[in-house]
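Have a look at upload_37.tsv below; it lists TSV, C-alpha atoms and all ligand atoms.
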chain	number	residue	atom	x	y	z
A	1	MET	CA	-60.26	40.67	335.03
A	2	SER	CA	-61.42	38.91	338.20
A	3	GLN	CA	-63.73	35.91	337.95
A	4	LEU	CA	-67.49	36.52	338.19
A	5	LYS	CA	-68.77	34.93	341.41
A	6	VAL	CA	-71.91	32.88	340.82
A	7	GLY	CA	-74.43	31.00	342.95
A	8	VAL	CA	-76.95	28.43	341.74
A	9	ILE	CA	-80.40	28.14	343.34
A	10	GLY	CA	-82.05	24.76	342.68
A	11	ALA	CA	-79.80	21.70	342.29
A	12	GLY	CA	-82.10	19.40	340.29
A	13	SER	CA	-81.91	18.13	336.72
A	14	ILE	CA	-81.29	21.32	334.72
A	15	SER	CA	-78.85	22.77	337.24
A	16	GLY	CA	-76.31	20.27	335.85
A	17	ALA	CA	-76.31	22.17	332.54
A	18	HIS	CA	-75.72	25.49	334.34
A	19	LEU	CA	-73.11	24.10	336.73
A	20	GLY	CA	-71.23	22.27	333.98
A	21	ALA	CA	-71.08	25.43	331.86
A	22	TYR	CA	-70.07	27.66	334.81
A	23	ALA	CA	-67.38	25.16	335.90
A	24	ALA	CA	-65.96	25.00	332.37
A	25	ASN	CA	-65.78	28.79	332.02
A	26	PRO	CA	-62.44	30.23	333.26
A	27	ASP	CA	-64.04	33.66	333.81
A	28	ILE	CA	-66.48	32.29	336.41
A	29	GLU	CA	-66.14	31.02	339.98
A	30	LEU	CA	-68.92	28.95	341.54
A	31	VAL	CA	-69.27	30.18	345.13
A	32	ALA	CA	-72.66	28.97	346.40
A	33	ILE	CA	-75.31	26.32	345.88
A	34	CYS	CA	-78.81	26.10	347.37
A	35	ASP	CA	-81.56	23.50	347.32
A	36	LEU	CA	-84.50	22.73	349.61
A	37	ASN	CA	-83.14	19.19	349.56
A	38	GLU	CA	-79.96	19.47	351.65
A	39	GLN	CA	-78.47	16.17	350.50
A	40	ARG	CA	-78.84	17.21	346.86
A	41	ALA	CA	-77.18	20.55	347.62
A	42	GLN	CA	-74.33	18.84	349.50
A	43	GLU	CA	-73.73	16.33	346.70
A	44	THR	CA	-73.63	19.15	344.14
A	45	SER	CA	-71.23	21.11	346.33
A	46	ALA	CA	-68.92	18.08	346.53
A	47	LYS	CA	-69.11	17.39	342.79
A	48	TYR	CA	-68.23	20.95	341.73
A	49	GLY	CA	-66.15	22.01	344.74
A	50	ILE	CA	-68.61	24.78	345.70
A	51	PRO	CA	-67.67	26.20	349.13
A	52	ASN	CA	-71.03	27.50	350.45
A	53	VAL	CA	-74.15	25.34	350.76
A	54	TYR	CA	-77.64	26.59	351.65
A	55	THR	CA	-81.16	25.22	351.95
A	56	ASP	CA	-82.76	28.68	352.07
A	57	TYR	CA	-82.15	30.95	349.07
A	58	ARG	CA	-82.60	34.05	351.28
A	59	GLU	CA	-79.50	33.05	353.25
A	60	LEU	CA	-77.53	32.59	350.05
A	61	LEU	CA	-78.57	36.07	348.93
A	62	ALA	CA	-77.77	37.60	352.32
A	63	SER	CA	-74.48	35.95	353.15
A	64	SER	CA	-72.70	34.63	350.07
A	65	ASP	CA	-70.48	36.87	347.93
A	66	ALA	CA	-72.20	35.79	344.69
A	67	GLU	CA	-72.53	38.64	342.19
A	68	ALA	CA	-74.95	36.65	340.02
A	69	VAL	CA	-77.29	33.69	340.45
A	70	SER	CA	-78.94	31.07	338.28
A	71	VAL	CA	-82.54	30.30	339.26
A	72	CYS	CA	-83.13	26.61	338.47
A	73	THR	CA	-86.15	25.93	340.69
A	74	TRP	CA	-89.83	25.10	340.07
A	75	ASN	CA	-91.67	27.65	337.92
A	76	ASN	CA	-93.86	28.88	340.82
A	77	THR	CA	-90.75	30.15	342.65
A	78	HIS	CA	-89.03	31.97	339.75
A	79	ALA	CA	-90.64	35.37	340.35
A	80	GLU	CA	-90.16	35.40	344.13
A	81	ILE	CA	-86.51	34.26	343.98
A	82	SER	CA	-85.60	36.50	341.02
A	83	ILE	CA	-87.10	39.59	342.68
A	84	ALA	CA	-85.30	38.85	345.96
A	85	ALA	CA	-82.00	38.30	344.12
A	86	LEU	CA	-82.33	41.54	342.14
A	87	GLU	CA	-83.19	43.44	345.34
A	88	ALA	CA	-80.07	41.92	346.94
A	89	GLY	CA	-78.01	43.40	344.10
A	90	LYS	CA	-77.42	40.18	342.13
A	91	HIS	CA	-77.68	39.66	338.38
A	92	VAL	CA	-80.07	36.81	337.54
A	93	LEU	CA	-80.18	34.07	334.93
A	94	CYS	CA	-83.72	32.76	335.38
A	95	GLU	CA	-84.68	29.45	333.80
A	96	LYS	CA	-87.62	29.48	331.44
A	97	PRO	CA	-90.46	30.25	331.80
A	98	LEU	CA	-89.84	33.60	333.51
A	99	CYS	CA	-92.75	32.78	335.87
A	100	LYS	CA	-96.38	31.60	335.84
A	101	THR	CA	-98.54	34.71	335.40
A	102	VAL	CA	-98.47	38.12	333.68
A	103	GLU	CA	-98.87	39.84	337.05
A	104	GLU	CA	-95.71	38.08	338.36
A	105	ALA	CA	-93.84	38.84	335.12
A	106	LEU	CA	-94.58	42.56	335.44
A	107	ARG	CA	-93.36	42.53	339.05
A	108	VAL	CA	-90.07	40.90	337.96
A	109	GLN	CA	-89.70	43.48	335.19
A	110	ASP	CA	-90.29	46.25	337.71
A	111	ALA	CA	-87.61	44.78	340.02
A	112	VAL	CA	-85.12	44.71	337.12
A	113	ARG	CA	-85.79	48.39	336.39
A	114	ARG	CA	-85.62	49.43	340.05
A	115	SER	CA	-82.43	47.48	340.79
A	116	GLY	CA	-80.53	48.35	337.62
A	117	LYS	CA	-79.36	44.72	337.56
A	118	LEU	CA	-79.57	42.32	334.63
A	119	LEU	CA	-82.10	39.53	334.30
A	120	GLN	CA	-81.50	37.10	331.44
A	121	VAL	CA	-84.35	34.72	330.64
A	122	GLY	CA	-83.07	31.18	330.08
A	123	VAL	CA	-84.53	30.67	326.61
A	124	VAL	CA	-81.44	28.71	325.71
A	125	ARG	CA	-82.34	28.12	322.07
A	126	ARG	CA	-81.62	31.79	321.34
A	127	TYR	CA	-77.98	31.05	322.16
A	128	ALA	CA	-77.69	27.83	320.11
A	129	SER	CA	-75.38	28.05	317.11
A	130	ASN	CA	-78.06	26.87	314.64
A	131	THR	CA	-80.25	29.80	315.78
A	132	ASP	CA	-77.27	32.14	315.39
A	133	VAL	CA	-76.78	31.00	311.77
A	134	VAL	CA	-80.45	31.62	310.89
A	135	ARG	CA	-80.38	34.98	312.65
A	136	ARG	CA	-77.52	36.14	310.43
A	137	PHE	CA	-79.51	35.23	307.30
A	138	VAL	CA	-82.60	36.99	308.72
A	139	ASP	CA	-80.62	40.11	309.71
A	140	ALA	CA	-79.09	40.29	306.20
A	141	GLY	CA	-82.64	40.28	304.78
A	142	GLU	CA	-82.06	37.01	302.92
A	143	LEU	CA	-85.35	35.45	304.01
A	144	GLY	CA	-87.20	38.69	303.27
A	145	ASP	CA	-90.39	39.32	305.21
A	146	ILE	CA	-91.10	36.30	307.44
A	147	TYR	CA	-94.88	35.94	307.30
A	148	TYR	CA	-95.35	32.41	308.62
A	149	ALA	CA	-93.67	30.16	311.17
A	150	LYS	CA	-94.56	26.66	312.24
A	151	ALA	CA	-93.24	24.93	315.33
A	152	SER	CA	-93.95	21.51	316.74
A	153	CYS	CA	-92.49	19.53	319.64
A	154	LEU	CA	-94.37	16.28	320.15
A	155	ARG	CA	-93.36	13.79	322.80
A	156	ARG	CA	-95.22	10.50	322.62
A	157	LEU	CA	-94.11	9.67	326.19
A	158	GLY	CA	-92.50	12.48	328.14
A	159	ASN	CA	-94.43	13.86	331.07
A	160	PRO	CA	-91.54	14.54	333.53
A	161	GLY	CA	-93.86	14.06	336.54
A	162	GLY	CA	-93.30	15.65	339.96
A	163	TRP	CA	-93.74	19.43	339.95
A	164	PHE	CA	-93.88	19.54	336.11
A	165	SER	CA	-97.29	17.86	336.18
A	166	ASP	CA	-98.55	19.79	339.23
A	167	ARG	CA	-100.21	22.85	337.71
A	168	GLU	CA	-99.86	24.84	340.92
A	169	ARG	CA	-96.05	24.62	340.74
A	170	SER	CA	-95.53	24.49	336.96
A	171	GLY	CA	-98.27	26.77	335.61
A	172	GLY	CA	-99.16	24.17	332.99
A	173	GLY	CA	-97.93	21.24	330.93
A	174	PRO	CA	-96.11	20.94	327.60
A	175	LEU	CA	-97.18	24.42	326.48
A	176	ILE	CA	-95.40	26.29	329.27
A	177	ASP	CA	-92.56	23.75	329.43
A	178	LEU	CA	-91.74	22.95	325.77
A	179	GLY	CA	-93.90	25.46	323.90
A	180	VAL	CA	-92.04	28.35	325.51
A	181	HIS	CA	-88.81	27.26	323.75
A	182	ILE	CA	-90.17	26.81	320.24
A	183	ILE	CA	-92.59	29.76	320.35
A	184	ASP	CA	-89.68	31.88	321.52
A	185	ALA	CA	-87.31	30.62	318.80
A	186	CYS	CA	-89.83	31.57	316.09
A	187	TRP	CA	-90.87	34.86	317.66
A	188	TYR	CA	-87.21	35.91	318.16
A	189	LEU	CA	-86.25	35.08	314.57
A	190	MET	CA	-89.40	36.78	313.23
A	191	GLY	CA	-88.13	40.00	314.83
A	192	ARG	CA	-90.35	39.89	317.93
A	193	PRO	CA	-93.53	41.28	316.28
A	194	LYS	CA	-96.36	42.55	318.51
A	195	VAL	CA	-99.05	39.96	319.21
A	196	LYS	CA	-102.53	40.76	317.92
A	197	SER	CA	-104.51	37.68	318.91
A	198	VAL	CA	-104.17	34.13	320.15
A	199	SER	CA	-106.37	31.09	319.68
A	200	GLY	CA	-105.51	27.86	321.48
A	201	ASN	CA	-106.72	24.40	322.42
A	202	THR	CA	-105.56	22.13	325.21
A	203	TYR	CA	-106.42	18.47	325.75
A	204	ARG	CA	-106.21	16.06	328.69
A	205	LYS	CA	-106.93	12.75	327.03
A	206	LEU	CA	-104.11	10.30	327.76
A	207	GLY	CA	-102.84	11.26	331.21
A	208	ASN	CA	-99.15	10.73	331.93
A	209	ARG	CA	-99.09	7.10	330.70
A	210	SER	CA	-96.85	6.09	333.60
A	211	ASN	CA	-98.02	2.52	332.90
A	212	ILE	CA	-95.73	2.33	329.85
A	213	GLN	CA	-92.69	0.10	330.34
A	214	ASN	CA	-89.24	-0.22	328.73
A	215	LEU	CA	-89.14	3.31	327.30
A	216	SER	CA	-87.19	5.97	329.19
A	217	PHE	CA	-87.85	9.73	329.26
A	218	TYR	CA	-86.82	13.02	330.98
A	219	LYS	CA	-87.90	13.08	334.63
A	220	ALA	CA	-87.95	15.72	337.37
A	221	ALA	CA	-85.40	15.12	340.14
A	222	ASP	CA	-88.31	14.14	342.43
A	223	TYR	CA	-90.24	12.03	339.93
A	224	ASP	CA	-93.76	11.25	341.06
A	225	ALA	CA	-96.45	10.05	338.68
A	226	GLU	CA	-99.28	10.38	341.24
A	227	ARG	CA	-100.18	13.99	340.55
A	228	ASN	CA	-101.03	15.11	337.02
A	229	ASP	CA	-103.41	17.98	336.37
A	230	VAL	CA	-101.72	19.51	333.31
A	231	GLU	CA	-102.69	19.23	329.63
A	232	ASP	CA	-101.06	16.50	327.55
A	233	LEU	CA	-101.45	18.34	324.22
A	234	ALA	CA	-101.75	22.01	323.26
A	235	ASN	CA	-101.95	23.80	319.94
A	236	ALA	CA	-102.27	27.46	319.06
A	237	LEU	CA	-102.40	30.00	316.29
A	238	ILE	CA	-100.78	33.33	317.12
A	239	ARG	CA	-101.50	36.34	314.90
A	240	PHE	CA	-99.16	39.33	314.89
A	241	GLU	CA	-99.89	42.99	314.17
A	242	ASN	CA	-97.61	42.91	311.10
A	243	GLY	CA	-99.84	40.23	309.54
A	244	ALA	CA	-97.47	37.31	310.26
A	245	SER	CA	-98.74	34.16	311.97
A	246	LEU	CA	-97.27	31.31	314.01
A	247	PHE	CA	-98.79	27.86	314.39
A	248	VAL	CA	-97.57	25.65	317.20
A	249	ASP	CA	-98.32	22.25	318.76
A	250	VAL	CA	-96.70	20.51	321.72
A	251	SER	CA	-97.32	17.37	323.75
A	252	PHE	CA	-96.16	15.43	326.81
A	253	THR	CA	-98.03	12.33	325.64
A	254	LEU	CA	-99.64	11.51	322.31
A	255	HIS	CA	-100.33	8.43	320.21
A	256	ALA	CA	-97.57	9.41	317.80
A	257	LYS	CA	-95.23	6.96	316.11
A	258	GLN	CA	-92.18	8.76	317.49
A	259	ASP	CA	-91.06	11.95	319.20
A	260	SER	CA	-90.60	14.81	316.75
A	261	ILE	CA	-89.47	18.41	316.67
A	262	SER	CA	-89.64	20.91	313.84
A	263	VAL	CA	-89.19	24.67	313.73
A	264	GLN	CA	-89.70	26.34	310.36
A	265	LEU	CA	-89.77	29.95	309.16
A	266	PHE	CA	-91.14	31.08	305.81
A	267	GLY	CA	-90.28	34.45	304.27
A	268	ASP	CA	-90.99	36.01	300.88
A	269	LYS	CA	-87.35	35.61	299.78
A	270	GLY	CA	-86.42	32.37	301.52
A	271	GLY	CA	-87.14	29.95	304.31
A	272	ALA	CA	-85.25	28.32	307.17
A	273	GLU	CA	-85.56	25.13	309.16
A	274	LEU	CA	-84.02	25.33	312.59
A	275	GLU	CA	-85.12	21.83	313.59
A	276	PRO	CA	-84.87	18.94	313.08
A	277	GLU	CA	-81.80	20.05	311.04
A	278	LEU	CA	-80.62	23.45	309.95
A	279	ARG	CA	-81.46	24.27	306.31
A	280	ILE	CA	-81.83	27.49	304.37
A	281	VAL	CA	-84.26	27.38	301.46
A	282	THR	CA	-84.08	29.89	298.63
A	283	GLU	CA	-84.33	30.42	294.88
A	284	ARG	CA	-81.42	31.16	292.53
A	285	HIS	CA	-81.62	31.51	288.75
A	286	ASP	CA	-85.10	29.93	288.62
A	287	THR	CA	-83.94	26.99	290.72
A	288	ILE	CA	-84.99	26.08	294.27
A	289	MET	CA	-81.98	25.56	296.55
A	290	ASN	CA	-81.96	23.67	299.85
A	291	ILE	CA	-78.75	24.85	301.49
A	292	THR	CA	-77.07	22.82	304.24
A	293	PRO	CA	-74.74	25.08	306.23
A	294	GLN	CA	-71.46	23.37	307.09
A	295	VAL	CA	-71.44	23.79	310.89
A	296	ASP	CA	-70.66	21.57	313.86
A	297	HIS	CA	-74.25	21.45	315.10
A	298	LEU	CA	-77.10	21.30	312.58
A	299	SER	CA	-79.63	20.86	315.38
A	300	PHE	CA	-79.87	22.08	318.97
A	301	ASP	CA	-76.79	20.97	320.86
A	302	PHE	CA	-77.62	20.97	324.56
A	303	VAL	CA	-74.15	21.30	326.13
A	304	GLN	CA	-72.81	23.77	323.57
A	305	ALA	CA	-75.96	25.96	323.78
A	306	PHE	CA	-75.81	26.16	327.60
A	307	GLY	CA	-72.09	27.02	327.35
A	308	ARG	CA	-72.90	29.88	324.98
A	309	GLU	CA	-75.87	31.05	327.07
A	310	ILE	CA	-73.80	31.16	330.24
A	311	ALA	CA	-70.79	32.84	328.57
A	312	HIS	CA	-73.20	35.47	327.19
A	313	PHE	CA	-74.75	35.94	330.64
A	314	ALA	CA	-71.33	36.46	332.25
A	315	ASP	CA	-70.30	38.96	329.55
A	316	SER	CA	-73.61	40.79	329.99
A	317	CYS	CA	-73.13	40.95	333.79
A	318	ARG	CA	-69.77	42.60	333.13
A	319	GLY	CA	-71.33	45.07	330.68
A	320	LEU	CA	-69.38	43.64	327.71
A	321	LYS	CA	-72.49	42.50	325.83
A	322	GLU	CA	-76.24	43.00	325.87
A	323	THR	CA	-78.26	39.95	326.80
A	324	LEU	CA	-80.11	38.35	323.88
A	325	SER	CA	-83.07	37.51	326.15
A	326	PRO	CA	-84.04	40.46	328.39
A	327	VAL	CA	-86.84	40.45	330.96
A	328	GLU	CA	-89.16	42.34	328.55
A	329	ASP	CA	-89.13	39.33	326.19
A	330	GLY	CA	-89.88	37.02	329.11
A	331	VAL	CA	-92.94	39.17	329.89
A	332	GLU	CA	-94.20	39.00	326.27
A	333	LEU	CA	-93.77	35.22	326.24
A	334	ILE	CA	-95.78	34.86	329.45
A	335	LYS	CA	-98.52	37.02	327.86
A	336	MET	CA	-98.65	34.66	324.85
A	337	LEU	CA	-98.60	31.46	326.92
A	338	THR	CA	-101.24	32.58	329.40
A	339	ALA	CA	-103.45	33.85	326.56
A	340	ILE	CA	-103.27	30.42	324.89
A	341	TYR	CA	-104.41	28.78	328.15
A	342	GLU	CA	-107.16	31.37	328.54
A	343	SER	CA	-108.33	30.90	324.94
A	344	ALA	CA	-108.44	27.12	325.43
A	345	ALA	CA	-110.42	27.52	328.66
A	346	ILE	CA	-113.11	29.77	327.19
A	347	GLY	CA	-113.06	28.36	323.65
A	348	LYS	CA	-112.55	31.78	322.05
A	349	GLU	CA	-109.79	33.81	320.43
A	350	ILE	CA	-108.08	36.30	322.77
A	351	HIS	CA	-107.42	39.77	321.35
A	352	PHE	CA	-104.52	41.77	322.81
B	1	LIG	N1	-83.73	25.34	329.48
B	1	LIG	C1	-84.12	24.09	329.41
B	1	LIG	O1	-83.98	23.43	328.38
B	1	LIG	C2	-84.75	23.47	330.63
B	1	LIG	C3	-84.85	22.07	330.71
B	1	LIG	C4	-85.43	21.54	331.87
B	1	LIG	C5	-85.91	22.37	332.88
B	1	LIG	N2	-85.84	23.72	332.74
B	1	LIG	C6	-86.37	24.61	333.78
B	1	LIG	O2	-85.51	24.53	334.92
B	1	LIG	C7	-86.27	24.64	336.12
B	1	LIG	C8	-85.99	23.42	336.99
B	1	LIG	O3	-86.31	22.23	336.27
B	1	LIG	P1	-85.61	20.83	336.64
B	1	LIG	O4	-85.88	19.92	335.51
B	1	LIG	O5	-84.21	21.05	337.08
B	1	LIG	O6	-86.51	20.40	337.91
B	1	LIG	P2	-86.05	19.44	339.11
B	1	LIG	O7	-87.29	19.07	339.82
B	1	LIG	O8	-85.17	18.36	338.59
B	1	LIG	O9	-85.16	20.39	340.03
B	1	LIG	C9	-85.67	21.52	340.70
B	1	LIG	C10	-84.92	21.67	342.02
B	1	LIG	O10	-85.32	22.91	342.60
B	1	LIG	C11	-85.38	22.71	344.02
B	1	LIG	N3	-86.21	23.78	344.58
B	1	LIG	C12	-87.52	24.03	344.35
B	1	LIG	N4	-87.91	25.13	345.01
B	1	LIG	C13	-86.82	25.61	345.64
B	1	LIG	C14	-86.56	26.74	346.49
B	1	LIG	N5	-87.53	27.60	346.82
B	1	LIG	N6	-85.31	26.91	346.97
B	1	LIG	C15	-84.32	26.04	346.67
B	1	LIG	N7	-84.49	24.95	345.87
B	1	LIG	C16	-85.73	24.76	345.37
B	1	LIG	C17	-85.97	21.32	344.16
B	1	LIG	O11	-85.71	20.78	345.43
B	1	LIG	C18	-85.24	20.57	343.03
B	1	LIG	O12	-84.02	19.99	343.48
B	1	LIG	C19	-87.73	24.77	335.67
B	1	LIG	O13	-88.10	26.11	335.66
B	1	LIG	C20	-87.75	24.23	334.25
B	1	LIG	O14	-88.74	24.81	333.44
B	1	LIG	C21	-85.24	24.27	331.65

Written as structure tokens, that's how I'd like the structure from this file.
Amino acid sequence: MSQLKVGVIGAGSISGAHLGAYAANPDIELVAICDLNEQRAQETSAKYGIPNVYTDYRELLASSDAEAVSVCTWNNTHAEISIAALEAGKHVLCEKPLCKTVEEALRVQDAVRRSGKLLQVGVVRRYASNTDVVRRFVDAGELGDIYYAKASCLRRLGNPGGWFSDRERSGGGPLIDLGVHIIDACWYLMGRPKVKSVSGNTYRKLGNRSNIQNLSFYKAADYDAERNDVEDLANALIRFENGASLFVDVSFTLHAKQDSISVQLFGDKGGAELEPELRIVTERHDTIMNITPQVDHLSFDFVQAFGREIAHFADSCRGLKETLSPVEDGVELIKMLTAIYESAAIGKEIHF
């Protein structure tokens, strides 16, 4: 089987995870790299030995022989670049979130259907091995009916600055950036129930706290603390048509003692904790059991999860597998996220 030829659009922070996984995969050949910042694109080309370098993604789509592309750019460009790539006959791995608005999401979905090409949404936690373990328990019915999920990702200091904190380019703050991952992990494991209503709150109380010294955090490639018009905390309650509910809270900055992440699912036969460490909770012979699966990665392992996501993408491009994260799921996630922002803005529950 010949190698799948891949191009990467956007050569900033997260592109390293894509490029590293592509480079390590013997079934894939990296053929093109593009970034608005030419020096960044050239440095990436040199590091990974990528032959074709572009500063305009349209040229990459028109003249490189890439069969598939990763879209690793700012959120406000995901829809435009993905649609153009699909129309140029390329398969697309689009970083999360799929885009900024429901209208854009529907246009991307339409382009997928028209082109017959694959678009995989980069909700990388679906591909992590701890998620895979829980999914097997869920699929075997061992948690029973999952009626409640609770997800939290609180950074005390972690506004990445630059485009992340510029609402025009990002679409929002921690909710669209971090919330998308943990809402998706729960929703996916709950069996993707239909949303009935959403009630959310957002707060801008602390700013980006760029005054804090001696504590490092994730930053955009072009870090800039000047602009910050996104929320620093969001919470939401999502109700589903099957009666299940999901409670979530996320922050970029918060007066919390430490950063924390937890993702929990509760069913009528058992429970599961995906984060901070994989556990299955159940009852046997009138005794409560907390089961610790013996696996290499009890929590989300960044490098391994990207490797699995990218291997799955390549197999799906070749028709060997079905993607775990199709465009339709990206659309539903954007509906949930935008409804939370809308609910927070008007102070009322949104009914779907
Ligand atoms: N899956 C994850 O865990 C994860 C983690 C971080 C970021 N992300 C996502 O990845 C994307 C990029 O985030 P990042 O942290 O790498 O940001 P970044 O700012 O570090 O890098 C983005 C790069 O895109 C380039 N760019 C922007 N518009 C472009 C265009 N039209 N054409 C070519 N290049 C363009 C910028 O010059 C920059 O180099 C975002 O959508 C973000 O949500 C995902």

Pick out the residues no farther than 9 Å from ligand LIG 1 (chain B), counting all atoms listed in the file, and list them as a PyMOL selection string. chain A and resi 9-17+34-38+40-41+54-58+71-78+80-81+94-99+122-125+160-164+170+176-178+181+218-223+302+306

Measure the distance from atom CA of A:Val138 to atom CA of A:Val303 in Å and round it to one decimal.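 So the two atoms, atom CA of A:Val138 and atom CA of A:Val303, lie 24.9 Å apart.
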
5 Å per side around stretch 204-208 of chain A: axis-aligned box centre and edge lengths, as lines of an AutoDock Vina configuration file:
center_x = -103.0
center_y = 13.2
center_z = 329.5
size_x = 17.8
size_y = 15.8
size_z = 14.9

With a distance cut-off of 10 Å and only C-alpha atoms, select the neighbouring residues of A:Leu19, excluding the residue or stretch itself and same-chain residues fewer than 5 positions from it, and output the selection as a VMD selection string. chain A and resid 6 to 8 11 14 24 to 25 30 33 44 47 to 48 70 306 to 307 310

Considering only C-alpha atoms, can you say which of A:Ala185, A:Cys317, A:Leu298, A:Ile28 comes closest to A:Gly116?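 Ranked by minimum distance to A:Gly116, first place goes to A:Cys317.
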
Find, counting all atoms listed in the file, the residue in A:Gly243, A:Gly171, A:Pro326, A:Pro293 that gets nearest to A:Asp132.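 Closest residue, counting all atoms listed in the file: A:Pro293.
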
Choose the residue, out of A:Arg209, A:Arg227, A:Lys100, A:Arg239, that has the smallest atom-to-atom separation from A:Tyr341; count all atoms listed in the file. A:Lys100

Just the number, please: distance in Å from atom CA of A:Arg113 to atom CA of A:Val331, one decimal.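 Going from atom CA of A:Arg113 over to atom CA of A:Val331, I get 13.4 Å.
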
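Here atom CA of A:Arg279 stands at a distance of 5.6 Å from atom CA of A:Ile291.
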
Which residue of A:Asp249, A:Asp229, A:Glu328, A:Glu283 approaches A:Gly267 most closely, using only C-alpha atoms: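 Among the listed residues, the smallest separation from A:Gly267 belongs to A:Glu283.
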
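Among the candidates A:Leu118, A:Leu61, A:Val31, A:Val102, the one nearest to A:Asp315 when counting all atoms listed in the file is A:Leu118.
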
Which polymer residues, whether protein, DNA or RNA, lie within 7 Å of the coordinate (-101.1, 31.7, 323.4) when you count all atoms listed in the file? List them as an mmCIF file with C-alpha atoms, keeping the file's coordinate frame, using the chain letters and numbers from the file.
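In the end it all went to out_24.cif:
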data_model
loop_
_atom_site.group_PDB
_atom_site.id
_atom_site.type_symbol
_atom_site.label_atom_id
_atom_site.label_comp_id
_atom_site.auth_asym_id
_atom_site.auth_seq_id
_atom_site.Cartn_x
_atom_site.Cartn_y
_atom_site.Cartn_z
ATOM 1 C CA VAL A 198 -104.170 34.130 320.150
ATOM 2 C CA SER A 199 -106.370 31.090 319.680
ATOM 3 C CA GLY A 200 -105.510 27.860 321.480
ATOM 4 C CA ALA A 236 -102.270 27.460 319.060
ATOM 5 C CA ILE A 238 -100.780 33.330 317.120
ATOM 6 C CA MET A 336 -98.650 34.660 324.850
ATOM 7 C CA LEU A 337 -98.600 31.460 326.920
ATOM 8 C CA THR A 338 -101.240 32.580 329.400
ATOM 9 C CA ALA A 339 -103.450 33.850 326.560
ATOM 10 C CA ILE A 340 -103.270 30.420 324.890
ATOM 11 C CA TYR A 341 -104.410 28.780 328.150
#

For the structure just given, write the atoms of stretch 111-123 of chain A, namely N, CA and C atoms, as a PDB file, in the first residue's frame.
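Output file out.pdb is given in full below:
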ATOM      1  N   ALA A 111     -20.438  20.607   2.641  1.00  0.00           N
ATOM      2  CA  ALA A 111     -19.267  20.383   1.764  1.00  0.00           C
ATOM      3  C   ALA A 111     -18.791  18.933   1.856  1.00  0.00           C
ATOM      4  N   VAL A 112     -18.869  18.348   3.060  1.00  0.00           N
ATOM      5  CA  VAL A 112     -18.486  16.933   3.214  1.00  0.00           C
ATOM      6  C   VAL A 112     -19.401  16.082   2.345  1.00  0.00           C
ATOM      7  N   ARG A 113     -20.701  16.340   2.431  1.00  0.00           N
ATOM      8  CA  ARG A 113     -21.673  15.518   1.692  1.00  0.00           C
ATOM      9  C   ARG A 113     -21.523  15.691   0.189  1.00  0.00           C
ATOM     10  N   ARG A 114     -21.282  16.934  -0.248  1.00  0.00           N
ATOM     11  CA  ARG A 114     -21.136  17.193  -1.683  1.00  0.00           C
ATOM     12  C   ARG A 114     -19.865  16.561  -2.241  1.00  0.00           C
ATOM     13  N   SER A 115     -18.777  16.633  -1.452  1.00  0.00           N
ATOM     14  CA  SER A 115     -17.471  16.186  -1.966  1.00  0.00           C
ATOM     15  C   SER A 115     -17.285  14.676  -1.869  1.00  0.00           C
ATOM     16  N   GLY A 116     -18.019  14.052  -0.936  1.00  0.00           N
ATOM     17  CA  GLY A 116     -17.802  12.615  -0.723  1.00  0.00           C
ATOM     18  C   GLY A 116     -16.493  12.329  -0.005  1.00  0.00           C
ATOM     19  N   LYS A 117     -15.830  13.366   0.481  1.00  0.00           N
ATOM     20  CA  LYS A 117     -14.563  13.200   1.209  1.00  0.00           C
ATOM     21  C   LYS A 117     -14.848  13.106   2.709  1.00  0.00           C
ATOM     22  N   LEU A 118     -13.833  12.700   3.442  1.00  0.00           N
ATOM     23  CA  LEU A 118     -13.965  12.521   4.891  1.00  0.00           C
ATOM     24  C   LEU A 118     -13.552  13.797   5.621  1.00  0.00           C
ATOM     25  N   LEU A 119     -14.305  14.177   6.637  1.00  0.00           N
ATOM     26  CA  LEU A 119     -13.811  15.182   7.578  1.00  0.00           C
ATOM     27  C   LEU A 119     -13.885  14.573   8.972  1.00  0.00           C
ATOM     28  N   GLN A 120     -12.719  14.486   9.610  1.00  0.00           N
ATOM     29  CA  GLN A 120     -12.642  13.995  10.993  1.00  0.00           C
ATOM     30  C   GLN A 120     -12.432  15.207  11.899  1.00  0.00           C
ATOM     31  N   VAL A 121     -13.284  15.326  12.920  1.00  0.00           N
ATOM     32  CA  VAL A 121     -13.139  16.434  13.871  1.00  0.00           C
ATOM     33  C   VAL A 121     -12.097  16.026  14.917  1.00  0.00           C
ATOM     34  N   GLY A 122     -11.166  16.931  15.201  1.00  0.00           N
ATOM     35  CA  GLY A 122     -10.040  16.601  16.083  1.00  0.00           C
ATOM     36  C   GLY A 122     -10.374  16.609  17.570  1.00  0.00           C
ATOM     37  N   VAL A 123     -11.435  15.876  17.937  1.00  0.00           N
ATOM     38  CA  VAL A 123     -11.732  15.725  19.368  1.00  0.00           C
ATOM     39  C   VAL A 123     -10.901  14.532  19.849  1.00  0.00           C
TER      40      VAL A 123
END
